[in-house]
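run-v3.pdb, holding PDB, C-alpha atoms, pLDDT in the B column:
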```
MODEL        1
ATOM      1  CA  MET D   1     -16.562   2.328 -13.849  1.00 94.00           C
ATOM      2  CA  TYR D   2     -12.993   2.847 -15.080  1.00 90.00           C
ATOM      3  CA  GLU D   3     -11.668   2.552 -11.554  1.00 89.00           C
ATOM      4  CA  VAL D   4     -13.330  -0.859 -11.192  1.00 91.00           C
ATOM      5  CA  THR D   5     -12.337  -2.200 -14.619  1.00 93.00           C
ATOM      6  CA  ARG D   6      -8.782  -0.876 -14.925  1.00 91.00           C
ATOM      7  CA  TRP D   7      -7.611  -1.628 -11.396  1.00 90.00           C
ATOM      8  CA  PRO D   8      -9.756  -4.474 -10.069  1.00 88.00           C
ATOM      9  CA  GLY D   9      -9.312  -4.989  -6.372  1.00 87.00           C
ATOM     10  CA  ARG D  10      -7.147  -1.896  -5.858  1.00 90.00           C
ATOM     11  CA  THR D  11      -9.891   0.001  -4.043  1.00 89.00           C
ATOM     12  CA  PRO D  12     -13.032  -1.601  -2.581  1.00 91.00           C
ATOM     13  CA  VAL D  13     -16.158  -0.770  -4.598  1.00 90.00           C
ATOM     14  CA  ASP D  14     -17.813   0.996  -1.665  1.00 90.00           C
ATOM     15  CA  GLN D  15     -14.828   3.358  -1.403  1.00 91.00           C
ATOM     16  CA  VAL D  16     -14.846   4.021  -5.154  1.00 89.00           C
ATOM     17  CA  ASP D  17     -18.557   4.801  -4.975  1.00 88.00           C
ATOM     18  CA  ALA D  18     -18.108   7.104  -1.983  1.00 86.00           C
ATOM     19  CA  MET D  19     -15.257   8.965  -3.663  1.00 82.00           C
ATOM     20  CA  TYR D  20     -17.068   9.687  -6.919  1.00 80.00           C
ATOM     21  CA  SER D  21     -20.535  10.151  -5.439  1.00 78.00           C
ATOM     22  CA  ARG D  22     -19.145  12.782  -3.097  1.00 69.00           C
ATOM     23  CA  THR D  23     -17.868  14.751  -6.086  1.00 66.00           C
ATOM     24  CA  VAL D  24     -21.303  14.778  -7.709  1.00 64.00           C
ATOM     25  CA  LYS D  25     -23.340  15.318  -4.566  1.00 63.00           C
ATOM     26  CA  GLU D  26     -21.163  18.118  -3.197  1.00 61.00           C
ATOM     27  CA  ALA D  27     -21.039  20.078  -6.431  1.00 58.00           C
ATOM     28  CA  ASP D  28     -22.582  23.451  -5.749  1.00 61.00           C
ATOM     29  CA  LEU D  29     -23.203  25.041  -9.110  1.00 59.00           C
ATOM     30  CA  ALA D  30     -24.466  28.214  -7.446  1.00 63.00           C
ATOM     31  CA  LYS D  31     -20.875  28.946  -6.389  1.00 67.00           C
ATOM     32  CA  THR D  32     -19.278  28.706  -9.819  1.00 70.00           C
ATOM     33  CA  GLU D  33     -17.264  31.590 -11.194  1.00 76.00           C
ATOM     34  CA  PRO D  34     -15.846  32.284 -14.640  1.00 79.00           C
ATOM     35  CA  MET D  35     -12.577  30.467 -15.239  1.00 77.00           C
ATOM     36  CA  PRO D  36      -9.579  32.815 -15.047  1.00 83.00           C
ATOM     37  CA  GLU D  37      -7.639  33.167 -18.302  1.00 83.00           C
ATOM     38  CA  TRP D  38      -4.357  32.114 -16.648  1.00 87.00           C
ATOM     39  CA  TRP D  39      -5.878  28.716 -15.813  1.00 82.00           C
ATOM     40  CA  MET D  40      -6.533  27.899 -19.460  1.00 80.00           C
ATOM     41  CA  ALA D  41      -3.175  29.221 -20.765  1.00 85.00           C
ATOM     42  CA  PRO D  42      -1.303  25.851 -20.581  1.00 84.00           C
ATOM     43  CA  TYR D  43      -4.061  24.190 -22.617  1.00 82.00           C
ATOM     44  CA  LEU D  44      -4.259  26.623 -25.523  1.00 84.00           C
ATOM     45  CA  GLY D  45      -2.322  24.219 -27.753  1.00 85.00           C
ATOM     46  CA  ILE D  46      -5.034  21.578 -27.419  1.00 85.00           C
ATOM     47  CA  VAL D  47      -8.098  23.820 -27.215  1.00 79.00           C
ATOM     48  CA  GLU D  48      -8.903  22.965 -30.835  1.00 81.00           C
ATOM     49  CA  HIS D  49      -9.969  19.535 -29.553  1.00 81.00           C
ATOM     50  CA  TYR D  50     -12.435  21.040 -27.074  1.00 79.00           C
ATOM     51  CA  HIS D  51     -15.994  21.091 -28.364  1.00 80.00           C
ATOM     52  CA  PRO D  52     -18.265  22.539 -25.664  1.00 76.00           C
ATOM     53  CA  ASN D  53     -21.425  21.913 -27.666  1.00 82.00           C
ATOM     54  CA  ALA D  54     -20.647  18.274 -28.406  1.00 81.00           C
ATOM     55  CA  GLY D  55     -22.819  15.707 -26.700  1.00 78.00           C
ATOM     56  CA  PRO D  56     -21.383  14.116 -23.566  1.00 80.00           C
ATOM     57  CA  TRP D  57     -19.378  10.984 -24.284  1.00 85.00           C
ATOM     58  CA  GLN D  58     -19.658   9.627 -20.747  1.00 86.00           C
ATOM     59  CA  GLU D  59     -23.109   8.094 -21.069  1.00 89.00           C
ATOM     60  CA  ALA D  60     -22.222   6.122 -24.204  1.00 91.00           C
ATOM     61  CA  GLU D  61     -18.989   4.956 -22.554  1.00 94.00           C
ATOM     62  CA  CYS D  62     -20.882   3.786 -19.463  1.00 94.00           C
ATOM     63  CA  VAL D  63     -23.256   1.786 -21.641  1.00 95.00           C
ATOM     64  CA  ARG D  64     -20.304   0.270 -23.519  1.00 96.00           C
ATOM     65  CA  LEU D  65     -18.571  -0.766 -20.290  1.00 96.00           C
ATOM     66  CA  TRP D  66     -21.843  -2.158 -18.898  1.00 97.00           C
ATOM     67  CA  GLU D  67     -22.299  -4.284 -22.025  1.00 97.00           C
ATOM     68  CA  GLU D  68     -18.656  -5.407 -22.056  1.00 97.00           C
ATOM     69  CA  PHE D  69     -18.296  -6.334 -18.375  1.00 96.00           C
ATOM     70  CA  GLY D  70     -21.899  -6.928 -17.265  1.00 96.00           C
ATOM     71  CA  PRO D  71     -23.834  -5.517 -14.337  1.00 95.00           C
ATOM     72  CA  ALA D  72     -22.202  -7.734 -11.704  1.00 95.00           C
ATOM     73  CA  LYS D  73     -18.865  -5.976 -12.261  1.00 94.00           C
ATOM     74  CA  PHE D  74     -20.392  -2.672 -11.144  1.00 95.00           C
ATOM     75  CA  ALA D  75     -22.481  -3.910  -8.245  1.00 95.00           C
ATOM     76  CA  GLY D  76     -22.373  -1.354  -5.439  1.00 92.00           C
ATOM     77  CA  LEU D  77     -21.732   1.673  -7.664  1.00 93.00           C
ATOM     78  CA  ASP D  78     -24.319   4.439  -7.932  1.00 90.00           C
ATOM     79  CA  LEU D  79     -24.380   4.955 -11.684  1.00 91.00           C
ATOM     80  CA  PHE D  80     -26.951   7.723 -11.390  1.00 84.00           C
ATOM     81  CA  GLY D  81     -29.438   5.946 -13.677  1.00 87.00           C
ATOM     82  CA  VAL D  82     -27.126   6.021 -16.706  1.00 87.00           C
ATOM     83  CA  VAL D  83     -27.284   2.237 -17.108  1.00 88.00           C
TER      84      VAL D  83
ENDMDL
END
```
Write the structure described by the file as structure tokens, please.
Amino acid sequence: MYEVTRWPGRTPVDQVDAMYSRTVKEADLAKTEPMPEWWMAPYLGIVEHYHPNAGPWQEAECVRLWEEFGPAKFAGLDLFGVV
């Protein structure tokens, strides 16, 4: 939804949908591994802002964008039933 609202016309909606849908559909959670400590090292200064048990903000943001721009703006995007 950000891609469509921030950069209108930069990428056709069908390409935006394909790009992000692929990420969700190809996620194979059975292959996940613990994150190595070295990967997190550069972020230790901001880790205080990370709240793993906080509710996801994405759904509320999708609803806000939907209400602000209207459904026509997002025609062609698979929003996975969020709005």
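Atom pair CA of Ala60 (chain D) / CA of Val82 (chain D) has a distance of 9.0 Å (rounded to one decimal).
Note that CA of Met1 (chain D) and CA of Leu65 (chain D) are 7.4 Å apart.
The gap separating CA of Pro12 (chain D) from CA of Pro71 (chain D) is 16.4 Å, in Å to one decimal.
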| request: Tell me which residues the PyMOL selection byres ((chain D and resi 3-9) around 9) grabs here, as an NGL selection string. | output: :D and (1-2 or 10-13 or 16 or 65 or 69 or 73-74)
Give the padded box for region 33-44 of chain D as lines of an AutoDock Vina configuration file: axis-aligned, covering all atoms listed in the file, 5 Å on each side, centre and edge lengths in Å to one decimal.
```
center_x = -9.3
center_y = 28.7
center_z = -18.4
size_x = 26.0
size_y = 19.0
size_z = 24.3
```
| task | Extract, using all atoms listed in the file, all DNA, RNA and protein residues at most 12 Å from Asp78 (chain D), discarding same-chain residues fewer than 5 positions from it, and format them as a VMD selection string. | result | chain D and resid 1 13 to 22 24 to 25 71 83
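Comparing the minimum interatomic distances between Trp66 (chain D) and each of D:Met40, D:Leu79, D:Val47, D:Met35, counting all atoms listed in the file, we find that D:Leu79 sits nearest.
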| Given the choices D:Glu59, D:Glu48, D:Glu33, D:Glu67, which gets closest to Phe80 (chain D) if the distance is worked out from all atoms listed in the file? | D:Glu59
| remark: From the list D:Gly76, D:Gly81, D:Pro34, D:Gly45, the nearest residue to Cys62 (chain D) using all atoms listed in the file is D:Gly81
